[in-house]
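**Student:** Dumping the structure here so I can ask a few things about it.
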Amino acid sequence: MAEVKTLHFESNPPPFGHEMRKCFSFDPEYINMNHGSYGSLPSPVAEAIKPYYAMAEANPDLFHRFTSIDLIRNVRERMAKFIGAAHTDEVVFVPNASHGLNAILRDFIWEEDDIICSCNTTYKSISKTAQYISDIPPHPEYSQFTILFPTTHNEIIENWRTYLQSLNEARARSAHRLGRRPKIVAVIDSIISVPGALLPWKEMVKICKEEDVWSVVDAAHSIGQELDLNLADADPDFWVTNCHKWLYAKRSCALLYVPKRNQHIIKASFPTSHAYISPKKRTGPNFVEQYEWNGTLDFVPYISASCALDFRAWLGGEHVINAYCHRIAIEGGKRLAQILGTEIIDQDQDFQFTLNMVNVAVPFPATMSSDFEIDMAFRRKLLIKKKIYPAFFYHNGKWWTRCSAQVWSQVSCLLHSYFPHPPAGSIPGRRF
C-alpha cells in the first residue's frame, strides 16, 4: 500500500513573525491579513507534493485507479486521529466545507413541516442552501436563530436552548396534525466566518441531543485553529472542516466527518459516485467507497494535508502555533481599537470568542450601507492599490474588520491593515 512520505527538516524553523514569511510564497509587497478566507500554502509543503503530481502525470491510470486511493486512505487514517474520530472510516475528503455541507443537507429526505435552521451569522452560501431546500417541494420550514455581538457564551447557550424548545413546541403541533414527528436539522458554526468568533458549539450540540435535533456543524475554520479536537467526545451528528485554511494544506481540501451511526443519512455522495449502491440492495457500508471516487479532480491537495501536519510539527506543534497567533490577534486587535477609538467585538475578559481572528470596529458611519458596490470598492482599493486585505463586514449596526493572525504576523501587521501609513510612533521597527 502506498504511503505519504514524512517531511524531514535539516534545520530549525525561522522565528515566528516576519522572518517566517520566507516559508511562504507571498509577494514581498503584499500583507496577508485575510488568511482565514483562503489559507496560505507553505513552500515546504508545496515542494513535498510535487512528486505526487509527477506520479499523476507519469501514469494517470495507475495514479487515479490505485495509487491516489491508497495514499488518501493513508492520510484519512492520520486525519481521523488528529480530529479525534473513533474510526478512520468516519472521515472522507471533499473539496471544501460548502461542498460537504451541501452533501449532508441535500441527502436528508425532507418532508412537510420538517424544519431546517441556521443562524443570522451562518456563512451566506450555507444559509442560502437552507433557504433553497425550503423553497423546493416539499418545502420544509426555514428558521433562523439570531446572534448579535457583543454577547457571551452563556447568553448564546441559553438563547439556543430556548430557541430549540420553541421549535419543538411547533413540531409537537405538527406531529398531532400529521400523525408523525417532523425532523429538525440545525446548522451550527464552530467558528463563525464573520464575525470571526468561536461559538460554544459543543454545548450547542449537546442541547441538540437533548431536544432531539440533528446537529450539522460548519467547522470550516476549526482544524488548525481550534485545539484538541475530539469529535468522538463532542459527538456532533455531522462535522465539516477546511484543511486549506488554518491547517496549511493546499487548497482546496476539506474533511467530512460522519459517525457510523449516521452514515445511512448520506445515501449518495455529491456528486453521485459510480460506487453508489441503492439502499435497498446494500449489505454493508457504502459511505467511504462513494467518496473515494466521485469524479476526476485534483487529489493531491488531499494528500497535502499529511504534509501540512509535518510542517506544523516542525514549527513546534498545534499549541505553540496557536499560542503565538492568539497573542498577536489579541494584542494587535486591542492596539488597533485603541488607535481608532473603537472596540473589539469580544468583550469577554477571557476573550472566549477569539482564537486567531480578531474583529475590530471601524469608524465608518453606521448609515453607510453594506451593499455590493461598497464592498467591491473596499476590495479594489485595499487589494489593488494598497496590497493588503483584511475582511470588512457589517454587523449589529456597525462596520467591523476581521484580521487573521498567523505565524508570519506581528502586531504591526494588524495596525497596517487600517493605516497604510500608520501614525508616527504607533508601529515600532519595520512597518508591515
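So you can find residues: chains in the C-alpha cells are A, B, ... in the order shown, residues in each start at 1, and ligands are numbered from 1 in order.
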Based on DSSP run over this structure's backbone, return all residues of range 105-339 of chain A in strand (DSSP E or B), as a ChimeraX atom specification.

**Tutor:** /A:115-119,141-145,184-189,191,198,214-218,238-242,254-257

**Student:** What are the nearest atom pairs, with distances in Å to one decimal, for all residues of range 355-382 of chain A that come at most 7 Å from range 180-196 of chain A, using only C-alpha atoms, set out by chain and rising residue number as CSV?

**Tutor:**
```
residue,atom,partner,partner_atom,distance
A:Met357,CA,A:Gly196,CA,5.5
A:Val358,CA,A:Gly196,CA,6.6
A:Asn359,CA,A:Pro195,CA,6.4
```

**Student:** Of the candidates A:Ile328, A:Val362, A:Ile303, A:Val216, which shows the shortest atom-to-atom distance to Gly397 in chain A, using only C-alpha atoms?

**Tutor:**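 Of the candidates, the smallest distance to Gly397 in chain A is held by A:Val362.
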
**Student:** Could you give me, as a list in words, the residues within 12 Å of His87 in chain A, counting only C-alpha atoms and dropping anything in the same chain fewer than 5 positions from it?

**Tutor:** Arg76, Glu77, Arg78, Met79, Ala80, Lys81, Phe82, Val92, Leu231, Ala232, Tyr257, Val258, Pro259, Lys260, Arg261 and Val288 of chain A

**Student:** Taking all heavy atoms for each residue, export the selection above as a tab-separated table (two decimals), in the first residue's frame.

**Tutor:**
```tsv
chain	number	residue	atom	x	y	z
A	76	ARG	N	-6.27	9.71	5.40
A	76	ARG	CA	-7.51	9.69	6.18
A	76	ARG	C	-7.29	9.10	7.57
A	76	ARG	O	-7.85	9.58	8.56
A	76	ARG	CB	-8.60	8.89	5.45
A	76	ARG	CG	-9.27	9.62	4.32
A	76	ARG	CD	-10.59	8.97	3.92
A	76	ARG	NE	-10.47	7.58	3.53
A	76	ARG	CZ	-10.90	6.56	4.26
A	76	ARG	NH1	-11.50	6.78	5.44
A	76	ARG	NH2	-10.76	5.33	3.84
A	77	GLU	N	-6.48	8.07	7.64
A	77	GLU	CA	-6.18	7.45	8.93
A	77	GLU	C	-5.50	8.45	9.86
A	77	GLU	O	-5.86	8.57	11.04
A	77	GLU	CB	-5.28	6.23	8.73
A	77	GLU	CG	-4.95	5.49	10.01
A	77	GLU	CD	-4.13	4.24	9.78
A	77	GLU	OE1	-3.78	3.95	8.62
A	77	GLU	OE2	-3.82	3.55	10.77
A	78	ARG	N	-4.55	9.20	9.32
A	78	ARG	CA	-3.85	10.20	10.13
A	78	ARG	C	-4.78	11.34	10.55
A	78	ARG	O	-4.76	11.80	11.69
A	78	ARG	CB	-2.65	10.74	9.36
A	78	ARG	CG	-1.77	11.64	10.19
A	78	ARG	CD	-0.52	12.07	9.45
A	78	ARG	NE	0.35	12.84	10.32
A	78	ARG	CZ	1.46	13.45	9.91
A	78	ARG	NH1	1.85	13.34	8.65
A	78	ARG	NH2	2.19	14.15	10.76
A	79	MET	N	-5.62	11.80	9.62
A	79	MET	CA	-6.51	12.92	9.91
A	79	MET	C	-7.59	12.52	10.91
A	79	MET	O	-8.00	13.32	11.76
A	79	MET	CB	-7.15	13.44	8.62
A	79	MET	CG	-6.14	13.95	7.58
A	79	MET	SD	-4.94	15.13	8.24
A	79	MET	CE	-6.01	16.49	8.66
A	80	ALA	N	-8.06	11.26	10.83
A	80	ALA	CA	-9.08	10.79	11.77
A	80	ALA	C	-8.54	10.84	13.20
A	80	ALA	O	-9.25	11.25	14.13
A	80	ALA	CB	-9.52	9.38	11.40
A	81	LYS	N	-7.30	10.45	13.38
A	81	LYS	CA	-6.68	10.52	14.70
A	81	LYS	C	-6.52	11.97	15.15
A	81	LYS	O	-6.74	12.30	16.32
A	81	LYS	CB	-5.32	9.82	14.68
A	81	LYS	CG	-5.40	8.31	14.49
A	81	LYS	CD	-4.01	7.70	14.41
A	81	LYS	CE	-4.09	6.19	14.18
A	81	LYS	NZ	-2.73	5.59	14.02
A	82	PHE	N	-6.18	12.84	14.22
A	82	PHE	CA	-5.93	14.25	14.54
A	82	PHE	C	-7.19	14.94	15.05
A	82	PHE	O	-7.13	15.77	15.96
A	82	PHE	CB	-5.38	14.97	13.31
A	82	PHE	CG	-4.95	16.38	13.56
A	82	PHE	CD1	-3.73	16.66	14.16
A	82	PHE	CD2	-5.77	17.45	13.22
A	82	PHE	CE1	-3.33	17.96	14.41
A	82	PHE	CE2	-5.38	18.76	13.46
A	82	PHE	CZ	-4.15	19.01	14.05
A	92	VAL	N	-13.92	11.34	5.42
A	92	VAL	CA	-13.59	11.33	4.00
A	92	VAL	C	-13.21	12.75	3.59
A	92	VAL	O	-13.50	13.73	4.29
A	92	VAL	CB	-14.77	10.84	3.12
A	92	VAL	CG1	-15.08	9.38	3.40
A	92	VAL	CG2	-16.01	11.71	3.32
A	231	LEU	N	-13.75	14.68	18.33
A	231	LEU	CA	-15.10	14.57	17.81
A	231	LEU	C	-15.85	13.38	18.42
A	231	LEU	O	-17.08	13.43	18.56
A	231	LEU	CB	-15.09	14.47	16.29
A	231	LEU	CG	-14.55	15.70	15.55
A	231	LEU	CD1	-14.80	15.57	14.06
A	231	LEU	CD2	-15.17	16.99	16.07
A	232	ALA	N	-15.13	12.34	18.79
A	232	ALA	CA	-15.82	11.21	19.43
A	232	ALA	C	-16.46	11.65	20.74
A	232	ALA	O	-17.52	11.15	21.12
A	232	ALA	CB	-14.83	10.08	19.67
A	257	TYR	N	-16.84	14.62	8.29
A	257	TYR	CA	-16.93	13.62	9.35
A	257	TYR	C	-18.39	13.22	9.54
A	257	TYR	O	-19.26	14.06	9.78
A	257	TYR	CB	-16.38	14.19	10.66
A	257	TYR	CG	-16.76	13.42	11.91
A	257	TYR	CD1	-16.08	12.25	12.26
A	257	TYR	CD2	-17.78	13.88	12.74
A	257	TYR	CE1	-16.44	11.55	13.41
A	257	TYR	CE2	-18.13	13.18	13.89
A	257	TYR	CZ	-17.46	12.02	14.22
A	257	TYR	OH	-17.81	11.33	15.35
A	258	VAL	N	-18.64	11.91	9.39
A	258	VAL	CA	-19.98	11.36	9.63
A	258	VAL	C	-19.82	10.11	10.49
A	258	VAL	O	-19.29	9.10	10.01
A	258	VAL	CB	-20.70	11.00	8.30
A	258	VAL	CG1	-22.11	10.50	8.60
A	258	VAL	CG2	-20.74	12.19	7.36
A	259	PRO	N	-20.23	10.16	11.76
A	259	PRO	CA	-20.12	8.96	12.59
A	259	PRO	C	-20.92	7.81	11.99
A	259	PRO	O	-21.90	8.02	11.29
A	259	PRO	CB	-20.68	9.40	13.95
A	259	PRO	CG	-21.48	10.63	13.66
A	259	PRO	CD	-20.87	11.28	12.47
A	260	LYS	N	-20.49	6.61	12.27
A	260	LYS	CA	-21.10	5.44	11.62
A	260	LYS	C	-22.61	5.36	11.85
A	260	LYS	O	-23.34	4.90	10.97
A	260	LYS	CB	-20.41	4.17	12.13
A	260	LYS	CG	-18.99	4.00	11.57
A	260	LYS	CD	-18.43	2.63	11.87
A	260	LYS	CE	-17.08	2.45	11.18
A	260	LYS	NZ	-16.53	1.10	11.37
A	261	ARG	N	-23.06	5.85	13.00
A	261	ARG	CA	-24.49	5.76	13.29
A	261	ARG	C	-25.34	6.59	12.33
A	261	ARG	O	-26.54	6.35	12.19
A	261	ARG	CB	-24.76	6.22	14.73
A	261	ARG	CG	-24.57	7.72	14.94
A	261	ARG	CD	-24.96	8.17	16.34
A	261	ARG	NE	-24.92	9.62	16.46
A	261	ARG	CZ	-23.84	10.32	16.72
A	261	ARG	NH1	-22.68	9.70	16.91
A	261	ARG	NH2	-23.91	11.65	16.81
A	288	VAL	N	-17.68	5.42	2.52
A	288	VAL	CA	-16.30	5.72	2.12
A	288	VAL	C	-16.08	5.41	0.65
A	288	VAL	O	-15.46	6.19	-0.08
A	288	VAL	CB	-15.31	4.91	2.99
A	288	VAL	CG1	-13.89	5.04	2.44
A	288	VAL	CG2	-15.37	5.40	4.43
```

**Student:** Which residues are near Asn32 in chain A? Cut-off 8 Å, only C-alpha atoms, ignore same chain within fewer than 5 positions. Put them as a list in words.

**Tutor:** Ile388, Tyr389 and Pro390 of chain A

**Student:** Write a file of the selected residues as a PDB file, in the first residue's frame, keeping C-alpha atoms.

**Tutor:**
```pdb
ATOM      1  CA  ILE A 388      -3.351  44.360   1.811  1.00  0.00           C
ATOM      2  CA  TYR A 389      -6.706  42.889   2.699  1.00  0.00           C
ATOM      3  CA  PRO A 390      -8.484  42.281   5.998  1.00  0.00           C
TER       4      PRO A 390
END
```

**Student:** At a cut-off of 8 Å, using only C-alpha atoms, what residues contact Ile157 in chain A? Leave out same-chain residues fewer than 6 positions from it and give the result as JSON, numbers by chain.

**Tutor:** {"A": [200, 203, 204]}

**Student:** Compare A:Pro140, A:Pro42, A:Gly179, A:Pro150 by their minimum atom-to-atom distance to Leu105 in chain A, counting only C-alpha atoms, and give me the closest one.

**Tutor:** A:Pro140

**Student:** Expressed in Å to a single decimal, how great is the separation between CA of Ala56 in chain A and CA of Thr241 in chain A?

**Tutor:** 26.0 Å

**Student:** To one decimal place, how far is CA of Lys280 in chain A from CA of Trp110 in chain A in Å?

**Tutor:**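 According to the coordinates, CA of Lys280 in chain A and CA of Trp110 in chain A are separated by 18.9 Å.
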
**Student:** Using the chain letters and numbers from this document, which residues of range 214-286 of chain A does DSSP assign to alpha helix (DSSP H), as a PyMOL selection string?

**Tutor:** chain A and resi 231-234

**Student:** In Å to one decimal, how far is CA of Gln225 in chain A from CA of Leu41 in chain A?

**Tutor:**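 Between CA of Leu41 in chain A and CA of Gln225 in chain A the gap works out to 15.4 Å.
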
**Student:** From the options A:Leu315, A:Leu355, A:Ala361, A:Val320, which residue's atoms come nearest to His221 in chain A, counting only C-alpha atoms?

**Tutor:**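 Checking each candidate against His221 in chain A, we get A:Leu355 as the closest.
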
**Student:** Might you pull out every residue within 12 Å of Arg379 in chain A, with only C-alpha atoms counted and same-chain residues fewer than 5 positions away left off, and present them as a JSON list (two decimals) with C-alpha atoms, in the first residue's frame?

**Tutor:**
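Listing of part-v1.json after writing:
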```
[["chain", "number", "residue", "atom", "x", "y", "z"],
["A", 34, "ASN", "CA", -7.04, 37.51, 5.43],
["A", 372, "PHE", "CA", -22.18, 45.00, -3.05],
["A", 373, "GLU", "CA", -20.74, 48.13, -4.69],
["A", 374, "ILE", "CA", -19.29, 49.45, -1.43],
["A", 384, "ILE", "CA", -5.03, 46.57, -5.89],
["A", 385, "LYS", "CA", -3.79, 49.89, -4.53],
["A", 386, "LYS", "CA", -2.59, 49.03, -1.03],
["A", 387, "LYS", "CA", -1.72, 45.32, -1.47],
["A", 388, "ILE", "CA", -3.35, 44.36, 1.81],
["A", 389, "TYR", "CA", -6.71, 42.89, 2.70],
["A", 390, "PRO", "CA", -8.48, 42.28, 6.00],
["A", 391, "ALA", "CA", -12.13, 41.28, 5.67],
["A", 392, "PHE", "CA", -14.74, 44.01, 6.26],
["A", 393, "PHE", "CA", -18.33, 43.34, 7.32]]
```

**Student:** Mind checking which residues fall within 7 Å of range 293-296 of chain A, counting only C-alpha atoms, ignoring those fewer than 4 positions away in the same chain, and posting them as a list in words?

**Tutor:**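 The filter keeps Pro271, Thr272, Ser273 and His274 of chain A.
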
**Student:** Could you check which of A:Tyr276, A:Gly224, A:Ala86, A:Ala254 is closest to Phe311 in chain A, using only C-alpha atoms?

**Tutor:** A:Gly224

**Student:** From the list A:Pro51, A:Glu112, A:Ala275, A:Asp375, which residue is nearest Ile136 in chain A when using only C-alpha atoms?

**Tutor:**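 Answer, going by the shortest atom-to-atom distance: A:Glu112.
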
**Student:** Which is closer to Thr151 in chain A than all the others in A:Leu309, A:Leu256, A:Ile345, A:Ala170, using only C-alpha atoms?

**Tutor:**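 Using only C-alpha atoms, Thr151 in chain A sits closest to A:Ile345.
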